[in-house]
>>> print(open('structure-v2.txt').read())   # compact mmCIF, C-alpha atoms
# COMPACT_ATOMS: atom_id res chain seq x y z
CA MET A 83 -8.82 32.11 -1.36
CA ILE A 84 -11.83 33.58 -3.14
CA TYR A 85 -12.20 32.29 -6.69
CA VAL A 86 -14.10 34.24 -9.33
CA GLU A 87 -15.22 32.82 -12.65
CA GLU A 88 -15.98 35.01 -15.63
CA MET A 89 -18.99 33.98 -17.70
CA LEU A 90 -20.45 35.43 -20.87
CA ASP A 91 -23.88 37.01 -20.48
CA ARG A 92 -25.63 36.02 -23.70
CA LYS A 93 -28.18 38.83 -23.35
CA THR A 94 -25.68 41.67 -23.08
CA GLY A 95 -22.60 40.06 -24.60
CA GLU A 96 -20.55 41.14 -21.61
CA LEU A 97 -18.38 39.11 -19.25
CA VAL A 98 -19.91 38.74 -15.82
CA SER A 99 -17.84 37.82 -12.74
CA VAL A 100 -19.38 35.05 -10.68
CA ASP A 101 -18.17 34.48 -7.11
CA LYS A 102 -17.26 30.78 -6.72
CA GLY A 103 -16.74 31.07 -2.98
CA ASP A 104 -13.77 30.45 -0.71
CA TRP A 105 -11.51 27.65 -1.98
CA ILE A 106 -9.00 26.17 0.46
CA THR A 107 -5.95 23.91 0.29
CA ILE A 108 -5.80 20.42 1.83
CA THR A 109 -3.69 21.82 4.69
CA GLU A 110 -6.33 24.47 5.39
CA LEU A 111 -8.98 21.77 5.18
CA ALA A 112 -7.12 19.75 7.82
CA THR A 113 -6.95 22.82 10.06
CA LEU A 114 -10.69 23.32 9.60
CA PHE A 115 -11.28 19.89 11.12
CA GLY A 116 -8.68 20.37 13.84
CA LEU A 117 -6.21 17.78 12.57
CA GLY A 118 -2.71 17.74 11.16
CA ARG A 119 -2.32 17.27 7.43
CA ARG A 120 -1.12 13.68 7.74
CA ARG A 121 -4.06 12.56 9.86
CA ALA A 122 -6.52 14.47 7.67
CA THR A 123 -5.01 12.82 4.61
CA THR A 124 -5.76 9.41 6.12
CA VAL A 125 -9.43 10.36 6.55
CA LEU A 126 -9.71 11.86 3.06
CA ARG A 127 -8.08 8.78 1.58
CA HIS A 128 -10.64 6.64 3.42
CA LEU A 129 -13.37 8.72 1.74
CA ASP A 130 -11.70 8.22 -1.67
CA PHE A 131 -11.44 12.01 -1.87
CA LEU A 132 -7.65 11.77 -2.30
CA GLN A 133 -5.67 9.40 -4.48
CA VAL A 134 -1.97 8.57 -4.61
CA GLU A 135 -0.16 9.42 -7.82
CA GLY A 136 3.41 8.79 -8.91
CA GLY A 137 5.81 6.31 -7.40
CA GLY A 138 8.62 6.20 -4.89
CA ARG A 139 9.77 9.56 -3.62
CA ASP A 140 7.73 11.29 -6.30
CA SER A 141 4.42 9.90 -5.03
CA ARG A 142 1.99 12.39 -3.54
CA HIS A 143 -1.66 12.75 -2.60
CA ARG A 144 -3.86 14.58 -5.10
CA ILE A 145 -7.58 15.16 -5.16
CA ALA A 146 -9.35 12.28 -6.90
CA ASP A 147 -10.37 12.53 -10.54
CA TRP A 148 -14.08 12.47 -9.72
CA VAL A 149 -13.66 15.57 -7.51
CA VAL A 150 -12.15 17.51 -10.41
CA GLN A 151 -14.77 16.24 -12.85
CA ARG A 152 -17.55 17.36 -10.54
CA GLY A 153 -16.03 20.83 -10.37
CA TRP A 154 -15.33 20.61 -6.63
CA GLY A 155 -11.56 20.83 -6.83
CA LYS A 156 -8.70 22.25 -8.85
CA ARG A 157 -5.18 20.97 -9.39
CA LEU A 158 -2.75 23.86 -9.41
CA HIS A 159 0.98 24.40 -9.79
CA ARG A 160 3.04 27.24 -8.38
CA LYS A 161 5.15 29.16 -10.88
CA THR A 162 7.91 29.65 -8.31
CA ASP A 163 8.58 25.99 -7.46
CA LYS A 164 8.03 22.46 -8.71
CA PHE A 165 5.50 21.37 -6.10
CA PRO A 166 1.84 21.13 -7.19
CA PHE A 167 -1.05 21.74 -4.82
CA ASP A 168 -4.80 21.35 -4.82
CA VAL A 169 -7.72 23.48 -3.66
CA VAL A 170 -11.28 22.44 -2.94
CA GLY A 171 -14.46 24.48 -3.12
CA PRO A 172 -17.33 25.02 -0.67
CA GLU A 173 -19.42 22.16 -2.09
CA ALA A 174 -16.57 19.71 -1.53
CA VAL A 175 -16.07 20.98 2.02
CA GLN A 176 -19.77 20.45 2.74
CA TRP A 177 -19.67 16.93 1.26
CA ILE A 178 -16.68 16.08 3.47
CA LYS A 179 -18.34 17.54 6.59
CA GLU A 180 -21.33 15.24 6.13
CA ARG A 181 -19.10 12.16 6.01
CA TRP A 182 -16.18 13.17 8.21
CA GLN A 183 -17.29 11.74 11.55
CA GLY A 184 -18.32 8.42 10.00
CA ALA A 185 -14.89 8.06 8.39
CA VAL A 186 -13.10 8.98 11.63
CA THR A 187 -15.17 6.43 13.58
CA ALA A 188 -14.42 3.69 11.04
CA ILE A 189 -10.69 4.44 11.16
CA GLU A 190 -10.65 4.51 14.97
CA ARG A 191 -12.55 1.21 15.12
CA GLU A 192 -9.94 -0.38 12.90
CA THR A 193 -7.06 1.29 14.73
CA PHE A 194 -8.07 0.51 18.31
CA SER A 195 -9.34 -3.04 17.88
CA GLY A 196 -8.38 -6.13 15.96
CA PRO A 197 -5.11 -6.95 14.16
CA VAL A 198 -4.14 -3.34 13.50
CA ALA A 199 -4.39 -2.38 17.17
CA GLU A 200 -2.50 -5.51 18.25
CA ALA A 201 0.25 -4.84 15.71
CA LYS A 202 0.57 -1.20 16.85
CA ALA A 203 0.89 -2.31 20.46
CA ALA A 204 3.47 -4.97 19.60
CA LEU A 205 5.56 -2.52 17.58
CA ALA A 206 5.36 0.08 20.36
CA ASP A 207 6.48 -2.51 22.94
CA PHE A 208 9.44 -3.48 20.77
CA GLU A 209 10.48 0.14 20.27
CA ALA A 210 10.25 0.83 24.01
CA ALA A 211 12.01 -2.34 25.12
CA TYR A 212 14.95 -2.08 22.73
CA GLY A 213 15.25 1.68 22.39
CA ARG A 214 14.20 1.71 18.74
CA LYS A 215 12.46 5.07 18.69
CA GLU A 216 14.50 6.15 15.65
CA MET A 217 13.19 3.39 13.39
CA THR A 218 12.24 4.56 9.90
CA VAL A 219 8.97 3.60 8.26
CA GLN A 220 10.80 1.01 6.15
CA MET A 221 12.42 -0.53 9.23
CA LYS A 222 9.05 -0.72 11.01
CA LEU A 223 7.48 -2.32 7.96
CA CYS A 224 10.19 -4.99 7.82
CA TRP A 225 9.68 -5.71 11.53
CA LEU A 226 5.95 -6.13 11.03
CA ALA A 227 6.48 -8.36 8.01
CA ASP A 228 8.93 -10.56 9.96
CA PHE A 229 7.04 -10.89 13.24
CA LEU A 230 3.42 -10.49 12.07
CA PRO A 231 3.37 -12.05 8.59
CA GLY A 232 -0.42 -12.43 8.65
CA LEU A 233 -1.01 -8.68 8.25
CA THR A 234 -2.26 -7.48 4.88
CA GLN A 235 -0.66 -4.53 3.12
CA GLU A 236 -3.71 -2.40 3.96
CA GLN A 237 -3.38 -3.30 7.65
CA ILE A 238 0.34 -2.50 7.66
CA GLY A 239 -0.50 0.85 6.08
CA SER A 240 -3.00 1.51 8.87
CA VAL A 241 -0.44 0.59 11.53
CA LEU A 242 2.16 2.96 10.07
CA ASP A 243 -0.33 5.54 8.75
CA VAL A 244 1.04 5.33 5.22
CA THR A 245 -0.49 4.46 1.88
CA GLN A 246 -0.88 0.92 0.61
CA GLN A 247 1.21 1.93 -2.41
CA LEU A 248 4.18 2.80 -0.17
CA VAL A 249 3.76 -0.48 1.72
CA SER A 250 3.77 -2.38 -1.56
CA ARG A 251 6.97 -0.60 -2.64
CA PHE A 252 8.82 -1.41 0.59
CA ILE A 253 7.56 -5.02 0.54
CA SER A 254 8.97 -5.38 -2.97
CA ILE A 255 12.34 -3.97 -1.86
CA ARG A 256 12.37 -6.34 1.12
CA SER A 257 11.60 -9.34 -1.11
CA ASN A 258 14.46 -8.44 -3.46
CA GLN A 259 16.86 -8.04 -0.54
CA LEU A 260 15.88 -11.43 0.91
CA ARG A 261 16.29 -13.10 -2.47
CA GLU A 262 19.74 -11.59 -2.91
CA ALA A 263 20.75 -12.60 0.62
CA LYS A 264 19.64 -16.20 0.05
CA ALA A 265 21.54 -16.34 -3.24
CA LEU A 266 24.66 -14.98 -1.56
CA LYS A 267 24.38 -17.56 1.22
CA ALA A 268 23.91 -20.38 -1.27
CA ASN A 269 26.96 -19.34 -3.26
CA ARG A 270 29.11 -18.92 -0.18
CA PHE A 271 28.12 -21.88 2.01
CA ASP A 272 26.03 -24.34 0.04
CA GLY A 273 28.02 -24.61 -3.18
CA PRO A 274 29.97 -27.71 -4.32
CA VAL A 275 32.97 -28.64 -2.16
CA ARG A 276 36.18 -27.91 -4.03
CA SER A 277 38.89 -30.57 -4.31
CA GLN A 278 41.83 -29.57 -2.17
CA ALA A 279 45.18 -31.17 -1.34
CA VAL A 280 45.48 -31.68 2.41
CA VAL A 281 48.95 -32.24 3.81
CA LEU A 282 49.23 -34.37 6.93
CA VAL A 283 52.44 -35.00 8.85
CA SER A 284 53.09 -38.53 10.10
CA PRO A 285 55.83 -39.04 12.72
CA GLY A 286 56.60 -42.55 11.38
CA PRO A 287 58.10 -45.26 13.59
CA ILE A 288 59.43 -44.12 16.95
CA ARG A 289 63.18 -43.84 16.78
CA LYS A 290 65.83 -41.93 18.66
CA SER A 291 66.26 -39.66 15.71
CA THR A 292 63.12 -39.40 13.63
CA THR A 293 62.49 -37.29 10.61
CA PRO A 294 58.79 -36.64 9.96
CA ARG A 295 57.65 -37.71 6.56
CA LYS A 296 54.88 -36.07 4.63
CA MET A 297 51.78 -37.86 3.31
CA THR A 298 49.45 -36.21 0.84
CA ILE A 299 45.75 -37.11 0.67
CA GLU A 300 43.55 -35.82 -2.12
CA ALA A 301 40.21 -34.63 -0.76
>>> encode(input="structure-v2.txt", output="structure tokens")
Amino acid sequence: MIYVEEMLDRKTGELVSVDKGDWITITELATLFGLGRRRATTVLRHLDFLQVEGGGRDSRHRIADWVVQRGWGKRLHRKTDKFPFDVVGPEAVQWIKERWQGAVTAIERETFSGPVAEAKAALADFEAAYGRKEMTVQMKLCWLADFLPGLTQEQIGSVLDVTQQLVSRFISIRSNQLREAKALKANRFDGPVRSQAVVLVSPGPIRKSTTPRKMTIEA
């Protein structure tokens, strides 16, 4: 989308239209680099060009504050719906181009070697062996936390290709669920033994005609 800015010409006192160039959305930016939006978002987040705002289901990626302050990006909002979107200018695109390959290489190095790569392989093996291809992100995160507790939140985010903020949220939910489960177990199985009256039946001395007599023991 071509953006035009109107500026006041102090010599003539007239408004002059200045072409600001072609501004594109983050989705168009991803297409420019031949990636899907999700993968491109990972790279842009690595460059600190995008930041996560909001929490839970309302969280979303927006261009970083410094991008707006430098005049390289604009935060916009459609009048027809509630979803905001961002556009970036030619200078921002050029800045990203100069750093794109370095960011991709760094991400690939982390993804294909070390703890992140090992965790990805382990999770993939589990999904294949037990038919768990329909696992949600939260389910995968819990599996990683259970079987690979040494992973940091950043590493888990890299394994699942999600933000550290989302990992932190799911980790918090998991911790609360575990705490509630332990409390429930303690109340159900580990509480004080209640005093109960146990009734035993003693046959008494062996006789031709015996009538069992009852004996009560307080436990």
>>> residues_around(input="structure-v2.txt", residues="Val134 of chain A", least_positions_apart="2", cutoff="12 Å", atoms="only C-alpha atoms", output="count of residues only")
25
>>> atom_distance(input="structure-v2.txt", atom1="atom CA of Trp105 of chain A", atom2="atom CA of Pro172 of chain A")
6.5 Å
>>> atom_distance(input="structure-v2.txt", atom1="atom CA of Val219 of chain A", atom2="atom CA of Gly118 of chain A")
18.6 Å
>>> residues_around(input="structure-v2.txt", residues="Gly171 of chain A", least_positions_apart="5", cutoff="7 Å", atoms="all atoms listed in the file", output="short mmCIF file (atom, residue, chain, number, x, y, z; two decimals) with C-alpha atoms, in the coordinates of the input")
data_model
loop_
_atom_site.label_atom_id
_atom_site.label_comp_id
_atom_site.auth_asym_id
_atom_site.auth_seq_id
_atom_site.Cartn_x
_atom_site.Cartn_y
_atom_site.Cartn_z
CA GLY A 103 -16.74 31.07 -2.98
CA ASP A 104 -13.77 30.45 -0.71
CA TRP A 105 -11.51 27.65 -1.98
CA ILE A 106 -9.00 26.17 0.46
CA TRP A 154 -15.33 20.61 -6.63
CA GLY A 155 -11.56 20.83 -6.83
#
>>> atom_distance(input="structure-v2.txt", atom1="atom CA of Val198 of chain A", atom2="atom CA of Val241 of chain A")
5.7 Å
>>> residues_near_point(input="structure-v2.txt", point="(-3.7, -3.9, 6.1)", cutoff="10 Å", atoms="all atoms listed in the file", output="list in words")
Glu192, Pro197, Val198, Gly232, Leu233, Thr234, Gln235, Glu236, Gln237, Ile238, Gly239, Ser240, Val241, Leu242, Thr245, Gln246 and Val249 of chain A
